[in-house]
Structures are given as C-alpha cells and as structure tokens.
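Structure file structure-v3.tsv (TSV, C-alpha atoms and all ligand atoms) is printed below.
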chain	number	residue	atom	x	y	z
A	10	MET	CA	80.21	114.16	64.12
A	11	GLY	CA	83.42	115.63	65.50
A	12	LYS	CA	81.68	116.44	68.77
A	13	GLY	CA	82.65	113.56	70.98
A	14	PRO	CA	80.12	112.97	73.72
A	15	GLY	CA	82.41	114.37	76.39
A	16	GLY	CA	84.69	111.93	78.14
A	17	PRO	CA	88.41	112.39	78.37
A	18	PHE	CA	88.76	113.43	74.73
A	19	PRO	CA	86.13	116.09	74.02
A	20	MET	CA	86.46	117.16	70.40
A	21	THR	CA	85.70	120.56	68.99
A	22	GLU	CA	83.28	121.33	66.14
A	23	THR	CA	86.15	121.79	63.74
A	24	ALA	CA	88.10	118.67	64.64
A	25	ALA	CA	88.25	116.35	61.65
A	26	PHE	CA	88.97	112.67	61.69
A	27	ALA	CA	90.42	110.94	58.65
A	28	TRP	CA	87.34	108.69	58.38
A	29	GLU	CA	84.98	111.68	58.20
A	30	ARG	CA	86.21	112.29	54.68
A	31	PRO	CA	85.24	109.69	52.09
A	32	ALA	CA	88.24	107.58	51.09
A	33	PRO	CA	89.47	108.09	47.52
A	34	GLU	CA	87.78	105.86	44.97
A	35	ALA	CA	89.62	103.84	42.33
A	36	ALA	CA	90.40	105.76	39.18
A	37	GLY	CA	89.13	104.39	35.88
A	38	ARG	CA	86.18	102.32	34.81
A	39	PRO	CA	83.94	100.30	37.13
A	40	SER	CA	84.93	96.71	37.62
A	41	ALA	CA	82.63	94.30	35.77
A	42	TRP	CA	82.66	91.89	38.73
A	43	GLY	CA	80.65	94.30	40.88
A	44	LEU	CA	77.71	94.82	38.50
A	45	LEU	CA	74.29	93.31	39.20
A	46	PRO	CA	72.26	91.65	36.40
A	47	GLU	CA	70.02	94.71	36.10
A	48	GLN	CA	73.05	96.96	35.74
A	49	LEU	CA	74.53	94.76	33.01
A	50	GLU	CA	71.12	94.76	31.34
A	51	ALA	CA	70.92	98.56	31.53
A	52	LEU	CA	74.31	98.78	29.83
A	53	GLY	CA	72.84	96.71	26.98
A	54	ALA	CA	74.42	93.29	27.59
A	55	PRO	CA	74.27	91.36	24.29
A	56	ILE	CA	73.53	87.98	25.92
A	57	GLY	CA	71.09	89.25	28.60
A	58	GLY	CA	72.07	90.70	31.97
A	59	ALA	CA	71.16	87.63	34.04
A	60	HIS	CA	72.94	85.25	31.67
A	61	LEU	CA	76.11	87.35	31.54
A	62	PHE	CA	76.03	87.78	35.33
A	63	GLY	CA	75.80	84.00	35.80
A	64	ARG	CA	78.81	83.45	33.54
A	65	LEU	CA	80.85	86.03	35.43
A	66	GLN	CA	79.88	85.04	38.95
A	67	ARG	CA	79.97	81.23	38.77
A	68	PRO	CA	83.63	80.23	38.54
A	69	TRP	CA	82.77	76.52	38.49
A	70	THR	CA	81.37	77.10	34.99
A	71	TRP	CA	84.57	78.74	33.71
A	72	LYS	CA	86.67	76.75	31.28
A	73	GLY	CA	89.97	75.52	32.77
A	74	GLY	CA	89.72	78.06	35.56
A	75	ALA	CA	89.34	81.03	33.20
A	76	LEU	CA	86.28	83.04	32.27
A	77	ASP	CA	85.10	82.31	28.73
A	78	LEU	CA	82.34	84.59	27.52
A	79	GLY	CA	82.77	84.08	23.82
A	80	LYS	CA	84.39	86.72	21.61
A	81	ALA	CA	81.44	89.04	21.06
A	82	ALA	CA	80.28	89.26	24.70
A	83	ALA	CA	83.87	89.61	25.94
A	84	ALA	CA	84.55	92.46	23.52
A	85	TRP	CA	81.29	94.18	24.49
A	86	LEU	CA	82.02	93.87	28.22
A	87	GLU	CA	85.60	95.01	27.86
A	88	ALA	CA	84.39	98.17	26.16
A	89	LYS	CA	82.04	98.93	29.07
A	90	ALA	CA	83.90	97.86	32.18
A	91	ASP	CA	87.19	96.66	33.65
A	92	LEU	CA	87.56	92.88	33.58
A	93	HIS	CA	90.72	92.66	35.68
A	94	LEU	CA	90.44	90.15	38.56
A	95	PRO	CA	92.82	90.53	41.54
A	96	VAL	CA	95.93	88.43	40.82
A	97	ILE	CA	97.63	86.22	43.40
A	98	LEU	CA	101.15	87.61	43.78
A	99	GLU	CA	102.28	85.72	46.89
A	100	ARG	CA	101.07	82.63	48.74
A	101	HIS	CA	102.17	81.97	52.31
A	102	ARG	CA	101.11	78.52	53.46
A	103	SER	CA	100.90	78.04	57.16
A	104	SER	CA	101.30	74.77	59.03
A	105	ASP	CA	97.68	75.12	60.21
A	106	GLY	CA	96.38	74.71	56.63
A	107	SER	CA	95.53	78.34	55.99
A	108	THR	CA	97.04	80.32	53.13
A	109	LYS	CA	97.71	84.03	53.31
A	110	LEU	CA	97.60	85.69	49.93
A	111	VAL	CA	98.91	88.96	48.61
A	112	LEU	CA	96.69	90.08	45.73
A	113	GLY	CA	97.58	92.63	43.07
A	114	LEU	CA	95.00	95.12	41.78
A	115	ALA	CA	94.86	96.67	38.30
A	116	ASP	CA	96.51	99.91	39.47
A	117	GLY	CA	99.38	98.12	41.21
A	118	HIS	CA	98.09	98.35	44.79
A	119	ARG	CA	98.37	95.23	46.89
A	120	ILE	CA	95.83	93.86	49.35
A	121	GLU	CA	95.63	90.72	51.43
A	122	ALA	CA	93.18	87.87	51.79
A	123	VAL	CA	93.31	84.63	53.75
A	124	HIS	CA	91.97	81.20	52.82
A	125	MET	CA	91.14	79.16	55.94
A	126	PRO	CA	89.82	75.63	55.47
A	127	ARG	CA	88.17	74.05	58.46
A	128	LEU	CA	89.99	70.81	58.96
A	129	VAL	CA	87.51	69.12	61.25
A	130	ARG	CA	83.95	67.97	60.58
A	131	ASN	CA	82.21	68.89	57.34
A	132	PRO	CA	84.40	70.79	54.91
A	133	ARG	CA	83.91	74.53	55.04
A	134	VAL	CA	86.26	77.31	54.09
A	135	THR	CA	86.37	80.84	55.49
A	136	PHE	CA	87.77	83.63	53.33
A	137	CYS	CA	89.04	86.72	55.11
A	138	ILE	CA	88.88	89.59	52.62
A	139	SER	CA	89.86	93.27	52.40
A	140	SER	CA	87.59	96.27	51.91
A	141	GLN	CA	90.13	99.08	51.40
A	142	VAL	CA	93.77	99.61	50.49
A	143	GLY	CA	95.09	100.66	53.91
A	144	CYS	CA	92.81	102.13	56.56
A	145	ALA	CA	91.91	105.58	57.90
A	146	MET	CA	90.99	104.54	61.44
A	147	GLY	CA	94.48	104.74	62.94
A	148	CYS	CA	94.26	102.00	65.61
A	149	THR	CA	97.65	102.05	67.26
A	150	PHE	CA	98.16	98.26	67.42
A	151	CYS	CA	97.37	97.62	63.74
A	152	ALA	CA	99.84	97.36	60.86
A	153	THR	CA	97.19	98.30	58.29
A	154	GLY	CA	96.35	101.38	60.34
A	155	ALA	CA	100.00	102.45	60.14
A	156	MET	CA	99.69	102.56	56.31
A	157	GLY	CA	96.97	105.19	56.36
A	158	ILE	CA	94.22	105.10	53.76
A	159	LYS	CA	95.13	104.75	50.08
A	160	ARG	CA	91.72	104.12	48.55
A	161	ASN	CA	88.44	102.23	48.71
A	162	LEU	CA	88.13	98.94	46.93
A	163	GLN	CA	85.50	98.89	44.22
A	164	ALA	CA	82.62	96.45	44.71
A	165	GLY	CA	84.06	94.39	41.86
A	166	GLU	CA	87.47	94.23	43.54
A	167	ILE	CA	85.83	92.90	46.71
A	168	VAL	CA	83.85	90.28	44.76
A	169	GLY	CA	86.97	89.64	42.67
A	170	GLN	CA	88.94	88.49	45.74
A	171	VAL	CA	86.27	85.89	46.45
A	172	LEU	CA	86.07	84.68	42.83
A	173	ARG	CA	89.85	84.44	42.56
A	174	LEU	CA	90.20	82.44	45.77
A	175	LEU	CA	87.26	80.23	44.91
A	176	SER	CA	88.55	79.41	41.43
A	177	GLU	CA	92.17	78.82	42.48
A	178	LEU	CA	91.91	77.36	46.00
A	179	GLY	CA	88.31	76.16	46.40
A	180	PRO	CA	85.95	75.13	47.90
A	181	GLU	CA	84.18	73.68	44.90
A	182	ARG	CA	80.83	75.20	45.77
A	183	PRO	CA	80.04	78.56	47.38
A	184	SER	CA	77.60	76.80	49.73
A	185	GLN	CA	80.72	75.67	51.64
A	186	LEU	CA	81.93	79.21	52.06
A	187	ASN	CA	81.96	81.73	54.94
A	188	LEU	CA	83.20	85.28	54.42
A	189	VAL	CA	84.65	87.68	56.96
A	190	PHE	CA	85.57	91.30	56.23
A	191	MET	CA	88.59	91.21	58.54
A	192	GLY	CA	91.40	91.87	56.08
A	193	MET	CA	92.66	95.35	55.27
A	194	GLY	CA	90.44	98.34	55.84
A	195	GLU	CA	87.36	99.45	57.75
A	196	PRO	CA	84.38	98.05	55.79
A	197	LEU	CA	81.96	100.64	57.14
A	198	HIS	CA	84.18	103.44	55.83
A	199	ASN	CA	83.51	101.94	52.38
A	200	LEU	CA	79.92	100.94	53.00
A	201	ALA	CA	78.49	101.63	49.54
A	202	ASN	CA	81.00	99.38	47.77
A	203	VAL	CA	80.95	96.74	50.51
A	204	HIS	CA	77.18	96.54	50.40
A	205	GLN	CA	77.06	96.46	46.62
A	206	ALA	CA	79.54	93.53	46.77
A	207	ILE	CA	77.32	91.76	49.31
A	208	ARG	CA	74.28	92.24	47.06
A	209	VAL	CA	76.19	90.76	44.13
A	210	MET	CA	77.48	87.80	46.15
A	211	CYS	CA	74.06	87.04	47.65
A	212	ASP	CA	72.29	87.14	44.27
A	213	ARG	CA	70.84	83.72	43.54
A	214	ARG	CA	71.88	83.98	39.88
A	215	GLY	CA	75.54	84.07	40.97
A	216	LEU	CA	77.31	82.82	44.11
A	217	ASP	CA	74.01	82.81	46.02
A	218	LEU	CA	75.69	83.28	49.41
A	219	ALA	CA	73.50	83.58	52.50
A	220	ALA	CA	73.91	86.93	54.27
A	221	GLY	CA	74.12	84.97	57.53
A	222	ARG	CA	77.43	83.51	56.34
A	223	ILE	CA	79.00	86.93	55.79
A	224	THR	CA	80.47	88.85	58.74
A	225	VAL	CA	81.42	92.51	58.57
A	226	SER	CA	83.93	93.50	61.25
A	227	THR	CA	84.05	97.14	62.36
A	228	SER	CA	86.12	99.18	64.75
A	229	GLY	CA	82.89	100.86	65.88
A	230	LEU	CA	82.03	103.38	63.18
A	231	VAL	CA	78.57	104.04	64.61
A	232	SER	CA	77.15	106.02	61.66
A	233	GLY	CA	77.95	103.00	59.46
A	234	ILE	CA	76.48	100.51	61.93
A	235	GLU	CA	73.25	102.49	61.95
A	236	LYS	CA	73.08	102.56	58.14
A	237	LEU	CA	73.95	98.88	57.77
A	238	SER	CA	71.32	97.86	60.32
A	239	LYS	CA	68.62	98.96	57.85
A	240	MET	CA	70.17	97.47	54.70
A	241	SER	CA	69.18	94.31	52.90
A	242	PRO	CA	70.73	91.80	52.58
A	243	ARG	CA	72.17	92.40	56.04
A	244	PRO	CA	75.34	90.56	57.06
A	245	LEU	CA	76.37	89.59	60.60
A	246	LEU	CA	78.29	92.13	62.65
A	247	ALA	CA	81.58	91.78	64.52
A	248	LEU	CA	82.84	94.59	66.76
A	249	SER	CA	86.49	95.19	67.56
A	250	LEU	CA	86.18	96.34	71.15
A	251	ASN	CA	89.78	96.00	72.34
A	252	ALA	CA	89.45	98.15	75.48
A	253	THR	CA	87.16	98.38	78.50
A	254	THR	CA	87.38	102.07	79.40
A	255	ASP	CA	86.80	105.12	77.21
A	256	GLU	CA	90.16	106.48	78.25
A	257	MET	CA	92.04	103.42	77.01
A	258	ARG	CA	89.89	102.92	73.93
A	259	SER	CA	90.29	106.54	72.84
A	260	THR	CA	94.05	106.07	73.10
A	261	THR	CA	94.34	102.88	71.05
A	262	MET	CA	91.29	103.36	68.79
A	263	PRO	CA	90.70	107.01	67.80
A	264	VAL	CA	87.18	106.15	66.58
A	265	ASN	CA	86.19	106.03	70.26
A	266	ARG	CA	86.74	109.80	70.49
A	267	ALA	CA	83.79	110.26	68.14
A	268	TRP	CA	81.59	107.43	69.42
A	269	ASN	CA	82.39	106.20	72.90
A	270	LEU	CA	81.49	102.87	74.49
A	271	ALA	CA	78.06	104.06	75.65
A	272	ARG	CA	77.19	105.34	72.17
A	273	LEU	CA	78.42	102.12	70.62
A	274	ARG	CA	76.21	100.06	72.89
A	275	GLN	CA	73.23	102.23	71.99
A	276	ALA	CA	73.80	101.50	68.29
A	277	LEU	CA	74.10	97.77	68.98
A	278	ASP	CA	70.95	97.71	71.09
A	279	ALA	CA	69.12	99.33	68.16
A	280	TRP	CA	70.49	96.82	65.59
A	281	GLY	CA	67.54	94.45	66.11
A	282	PRO	CA	69.10	91.04	65.53
A	283	ARG	CA	67.25	88.26	63.75
A	284	PRO	CA	66.53	85.04	65.66
A	285	ASN	CA	69.78	83.19	66.45
A	286	GLU	CA	71.88	86.15	65.31
A	287	LYS	CA	74.79	86.93	67.62
A	288	PHE	CA	77.28	89.76	67.68
A	289	THR	CA	80.94	88.78	67.74
A	290	PHE	CA	83.21	90.94	69.90
A	291	GLU	CA	86.87	90.85	69.02
A	292	PHE	CA	89.27	91.77	71.78
A	293	VAL	CA	92.96	92.08	70.92
A	294	LEU	CA	94.92	91.27	74.07
A	295	LEU	CA	97.83	93.69	74.59
A	296	ALA	CA	100.23	92.58	77.34
A	297	GLY	CA	100.07	94.85	80.39
A	298	VAL	CA	97.63	97.22	78.67
A	299	ASN	CA	94.16	95.63	78.54
A	300	ASP	CA	94.70	92.09	79.82
A	301	THR	CA	94.25	92.39	83.60
A	302	ASP	CA	91.59	90.74	85.75
A	303	ALA	CA	90.00	94.17	86.17
A	304	ASP	CA	89.76	94.45	82.35
A	305	ALA	CA	88.09	91.05	82.15
A	306	ASP	CA	85.60	92.11	84.86
A	307	ARG	CA	84.82	95.42	83.12
A	308	LEU	CA	84.46	93.69	79.76
A	309	ALA	CA	82.02	91.15	81.20
A	310	ALA	CA	80.04	93.94	82.89
A	311	TRP	CA	79.82	95.97	79.66
A	312	LEU	CA	78.73	92.95	77.65
A	313	GLY	CA	76.29	91.95	80.38
A	314	GLU	CA	74.35	95.15	79.82
A	315	LEU	CA	73.92	94.50	76.09
A	316	ARG	CA	70.44	93.63	74.93
A	317	HIS	CA	71.47	90.97	72.43
A	318	ARG	CA	73.35	87.71	72.37
A	319	HIS	CA	77.04	87.70	71.62
A	320	VAL	CA	80.30	85.77	71.68
A	321	VAL	CA	83.79	87.04	72.54
A	322	ASN	CA	86.81	86.28	70.42
A	323	LEU	CA	90.12	86.97	72.18
A	324	ILE	CA	93.00	87.68	69.78
A	325	PRO	CA	96.48	87.77	71.32
A	326	MET	CA	98.39	90.71	69.80
A	327	ASN	CA	100.28	89.83	66.63
A	328	GLU	CA	103.49	91.71	67.16
A	329	HIS	CA	104.95	93.79	64.34
A	330	ALA	CA	107.41	96.61	63.80
A	331	HIS	CA	104.79	99.40	63.66
A	332	ALA	CA	103.37	98.96	67.18
A	333	PRO	CA	104.91	98.92	70.66
A	334	PHE	CA	102.55	96.23	72.00
A	335	HIS	CA	103.24	92.62	72.91
A	336	GLU	CA	101.37	89.37	73.11
A	337	PRO	CA	100.54	88.40	76.71
A	338	LEU	CA	102.05	85.23	78.12
A	339	GLU	CA	100.00	82.08	77.66
A	340	ASP	CA	99.03	81.95	81.37
A	341	ARG	CA	97.60	85.47	81.23
A	342	ILE	CA	95.59	84.73	78.08
A	343	GLN	CA	94.15	81.65	79.76
A	344	ALA	CA	93.40	83.50	82.99
A	345	PHE	CA	91.64	86.31	81.08
A	346	SER	CA	89.58	83.81	79.14
A	347	ASP	CA	88.69	81.82	82.30
A	348	ARG	CA	87.67	84.95	84.15
A	349	LEU	CA	85.31	85.97	81.34
A	350	LYS	CA	83.85	82.47	81.28
A	351	GLY	CA	83.40	82.70	85.04
A	352	HIS	CA	81.19	85.72	84.39
A	353	GLY	CA	79.10	83.62	81.99
A	354	CYS	CA	80.58	84.87	78.69
A	355	PHE	CA	80.98	82.57	75.70
A	356	VAL	CA	84.68	82.92	74.79
A	357	THR	CA	87.01	81.63	72.09
A	358	VAL	CA	90.70	82.40	71.72
A	359	ARG	CA	91.85	82.97	68.17
A	360	ARG	CA	95.26	81.53	67.60
A	361	SER	CA	95.94	83.84	64.69
A	362	ARG	CA	96.48	81.74	61.68
A	363	GLY	CA	99.69	82.07	59.78
A	364	ARG	CA	101.93	83.25	62.58
A	365	ASP	CA	104.63	80.88	61.39
A	366	VAL	CA	104.87	82.73	58.10
A	367	GLN	CA	104.91	86.14	59.82
A	368	ALA	CA	101.77	86.99	58.00
A	369	ALA	CA	98.95	87.29	60.50
A	370	CYS	CA	96.37	90.08	60.60
A	371	GLY	CA	97.47	92.96	58.44
A	372	GLN	CA	101.15	92.13	58.41
A	373	LEU	CA	101.53	90.86	54.89
A	374	VAL	CA	101.32	93.96	52.82
A	375	LYS	CA	103.77	96.76	53.27
A	376	GLU	CA	103.71	99.78	51.01
A	377	ALA	CA	106.53	102.24	50.72
A	401	LIG	N1	88.79	97.27	60.38
A	401	LIG	C1	87.98	96.23	60.86
A	401	LIG	C2	88.29	94.89	60.21
A	401	LIG	C3	89.74	94.61	59.90
A	401	LIG	S1	90.80	94.46	61.30
A	401	LIG	C4	88.07	96.13	62.36
A	401	LIG	O1	88.91	96.78	62.96
A	401	LIG	O2	87.26	95.40	62.93
A	401	LIG	C5	90.41	92.79	61.80
A	401	LIG	C6	90.72	92.48	63.26
A	401	LIG	O3	92.13	92.45	63.46
A	401	LIG	C7	90.16	93.50	64.23
A	401	LIG	O4	89.42	92.86	65.26
A	401	LIG	C8	91.40	94.15	64.83
A	401	LIG	O5	91.15	94.57	66.15
A	401	LIG	C9	92.40	93.02	64.71
A	401	LIG	N2	93.81	93.43	64.75
A	401	LIG	C10	94.36	94.53	64.21
A	401	LIG	N3	95.69	94.58	64.46
A	401	LIG	C11	95.98	93.46	65.16
A	401	LIG	C12	97.17	92.93	65.71
A	401	LIG	N4	98.35	93.55	65.58
A	401	LIG	N5	97.09	91.76	66.39
A	401	LIG	C13	95.91	91.11	66.51
A	401	LIG	N6	94.76	91.56	66.00
A	401	LIG	C14	94.78	92.72	65.33
A	402	LIG	FE1	91.64	99.83	60.48
A	402	LIG	FE2	90.65	97.67	61.69
A	402	LIG	FE3	93.30	98.16	61.65
A	402	LIG	FE4	91.70	99.69	63.14
A	402	LIG	S1	92.06	97.49	63.41
A	402	LIG	S2	93.35	100.43	61.78
A	402	LIG	S3	89.88	99.78	61.85
A	402	LIG	S4	92.01	97.70	59.89
When written as structure tokens, how does the structure in this file appear?
Amino acid sequence: MGKGPGGPFPMTETAAFAWERPAPEAAGRPSAWGLLPEQLEALGAPIGGAHLFGRLQRPWTWKGGALDLGKAAAAWLEAKADLHLPVILERHRSSDGSTKLVLGLADGHRIEAVHMPRLVRNPRVTFCISSQVGCAMGCTFCATGAMGIKRNLQAGEIVGQVLRLLSELGPERPSQLNLVFMGMGEPLHNLANVHQAIRVMCDRRGLDLAAGRITVSTSGLVSGIEKLSKMSPRPLLALSLNATTDEMRSTTMPVNRAWNLARLRQALDAWGPRPNEKFTFEFVLLAGVNDTDADADRLAAWLGELRHRHVVNLIPMNEHAHAPFHEPLEDRIQAFSDRLKGHGCFVTVRRSRGRDVQAACGQLVKEA
C-alpha cells in the first residue's frame, strides 16, 4: 500500500497513512467479555468454559441486572481477565425515541453508542456501537476523525457495549436486536478484535446473533474488505462512499488516495454476496460540495456498474465545530434523492437520530 493507483493524488513508496500502522491496543489484561468458550476452557475455567460463557453472555440470566457467577468462579475469572463492563456515563434521550450514550472504559476513555428502538411494526432495536477510541482515517467531515486515533477497542469492550445496553435498555431478547458498527472508529482498522467480538456474539451458547443482523460500516479500507470477505461468520457490509469523483473523495476521505473508487468497486465485486444480501452505501450530503444533480447522476452510474444488489442511505451532514461543511436545504436533499430514484436506485434518507440533543454521529464524545 502507499502506492495509490495514480489519479490526482499519486502517493510515493514512502508515504505512510495513519491507518497503515496498527492502532495501539488497550494496556492490561484481556477483557473477559471477549473470550470464547474454548478460550475460557483453555484458561482452566472451574465451571466449564461453555457454562461460564453462557453466564457471562446472557444478561437475561443475571440477577437484578448484575452478573452473578458465585464467589469461586468470580474470583478465578478476576484473576485471569478484566471483568469491567463499559459504564453508562451520560444518556441523551431524543424525541424520536433513540438514546445516545456515552460509555466509560476501564482506562478512562469514553466512547459512544446509540440505542434505537423501531417504533413501528414488530419491536426491534438497533444498537450502533463503536470499534475504536477515535479514528485514524481522517475524513474531513467527521468529528471522530478530528480526534485522531487513541486506541483499538478490545473484543470484550465491543461485546461489553452490547451487553450493557441490552441489560439496561433492552430489548429483552437478543433475537430482537440489530447491530451496526457505525459509532466511533473504522472497524476494518481493528478487524481482529471486531471479528473476535462478532464470533463471540454469534455463538449459540451466548447471544446467538445472526451474522445477517450485524452490519460493519467502512470508509473503504480495501485490504480489510478483502480479508473480511473470507471470514466466518461474515457480517453485512456498508460502504461510506460520500463522493462521486476520485478528486473529491481523495479530498474528503484520505483513504481514497490508497484505494480509489475503481479499486473499491473491484473489492466489492469480489465480495460474493449470499442470496438476498445487499450492500448499503452511505452518502453524507455536504451542501454545495457533493449534492448536485451531476453528483446524483455520477453516483447512479457508479452504482449501476456494480455486480451486486445494494441500497443507498443519504445522510444529511450533521454540522459540528470541527468541519466547515453544512447540511443541504431540504429541497436539495429531496431533489438528490428523487434523481437517484429516477435512475432506478433504492434510496432512503437518514434523518440522523438525536439531532435535538446535539449528539448525532460522532458528536457526543470530545476528548481534550
Ligand atoms: N468509520 C466507519 C463507521 C463509522 S462512521 C465509516 O466511516 O463507515 C458512520 C457513518 O457516519 C459513516 O457513513 C460516515 O460517513 C458518517 N458520518 C461521519 N461524519 C458525519 C457527519 N458529520 N454527518 C453525517 N454523517 C457523518
Ligand atoms: Fe473514521 Fe468513519 Fe469518521 Fe471517516 S467517517 S473519520 S472512517 S469514523
């Protein structure tokens, strides 16, 4: 990597991007919440790896909302691993029913997660969770990007967000749950921990989530997409496209300087979706920057050449102090959406939840 495939931003051999280096890992012991039954067994779990795993990973069996392993097993586990679960430090309830949460980690870092109940039809809840503290990708419209990268989350800290939200806010059963990795961080820059967390959460002895209900959202880290495409269990993929020319995308999303739009499409064509699997394309609308009719036409043309089925999710820019961009006017958003639909695209517009508490998409957590 480092050698961009030409285009307006050719990179030299020596050029280094922040995401080419692994992000720092958490100091200290591994979190107990990210260990599989076999791993607990290998550590010598006194009540059997599968049994202990079930107690840890099934919050509906906890007593009064708290894990109760019994004295001996708790003491054994505490000697081997870190039992700290992310703690809810702030709750921001929005008028749309969603709750934005600031969660505290054992070392004092703060991350965000969002609890989004679906208010219509059968009850389902989507959790939006974080994969890193901060982010190395440097997208110019993103508040998390402005923080830079602090560290990867451990697998157990990723699972811990889900267990904490489930036990404190519901739903009652994980079968009513969808997960999206759209909080802080680039999940494919922390692929090992993210995938370990997915393995733990899909294990039938614990939460037993279906991989088809988990979506990993990426800015287009192609090396990670290629690795994830071969992993099992394999989640769904969402791509943050956000621009329709390499020139624009390389300006707002530096990852495009390493893997341009053509290279990204190649990786997606090679993904090999399962039946009924669709890619989701996120497109943050930046007023006067990527929201013209010509952008809509180029976007439809680019998507039209993809081999696999997909949907487009338009996200009007959430304005914040770290970026010079603005949300387009309502008419423009509608016109952009209509134009895409006119080209045959399936389009939704995400009215970012929690705007009324100034806490949408990466705006909750500020670090000094
Ligand atoms: N790093 C991953 C996932 C987290 S970002 C990714 O980029 O896909 C989740 C989504 O929020 C992405 O689609 C990103 O484009 C979008 N986003 C970032 N900053 C935003 C902002 N200020 N307004 C609206 N959406 C934003
Ligand atoms: Fe990172 Fe995603 Fe924000 Fe880009 S949009 S800086 S990849 S969190």
Produce the centre coordinates and the three edge lengths, each in Å to one decimal, of the box along x, y and z that contains all listed atoms of segment 39-45 of chain A with 8 Å added on each side, as JSON.
{"center_x": 79.6, "center_y": 96.1, "center_z": 38.3, "size_x": 26.6, "size_y": 24.4, "size_z": 21.1}
### Message
Could you list, as a PyMOL selection string, all protein and nucleic acid residues with an atom at most 6 Å from ligand LIG 402 (chain A), counting all atoms listed in the file?
### Response
chain A and resi 144+146-148+151+153-154+193-195+228
Take the selection from the previous step and output its residues with C-alpha atoms, as a tab-separated table (two decimals), in the frame of the given file.
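Saved the output as part-v3.tsv:
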chain	number	residue	atom	x	y	z
A	144	CYS	CA	92.81	102.13	56.56
A	146	MET	CA	90.99	104.54	61.44
A	147	GLY	CA	94.48	104.74	62.94
A	148	CYS	CA	94.26	102.00	65.61
A	151	CYS	CA	97.37	97.62	63.74
A	153	THR	CA	97.19	98.30	58.29
A	154	GLY	CA	96.35	101.38	60.34
A	193	MET	CA	92.66	95.35	55.27
A	194	GLY	CA	90.44	98.34	55.84
A	195	GLU	CA	87.36	99.45	57.75
A	228	SER	CA	86.12	99.18	64.75
### Task
Write out as a list in words the residues lying within 8 Å of segment 176-191 of chain A, counting all atoms listed in the file and excluding same-chain residues fewer than 2 positions away.
Pro68, Trp69, Gly74, His124, Pro132, Arg133, Val134, Thr135, Phe136, Cys137, Ile138, Ser139, Ser140, Leu172, Arg173, Leu174, Met193, Gly194, Pro196, Leu216, Asp217, Leu218, Arg222, Ile223, Thr224, Val225 and Ser226 of chain A
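Using all atoms listed in the file for every distance, the candidate list A:Met257, A:Val203, A:Met210, A:Leu197 yields A:Leu197 as the residue closest to ligand LIG 401 (chain A).
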### Query
Which is closest to Ser249 of chain A among A:Gly281, A:Gly58, A:Gly229, A:Pro263, if we use all atoms listed in the file?
A:Gly229
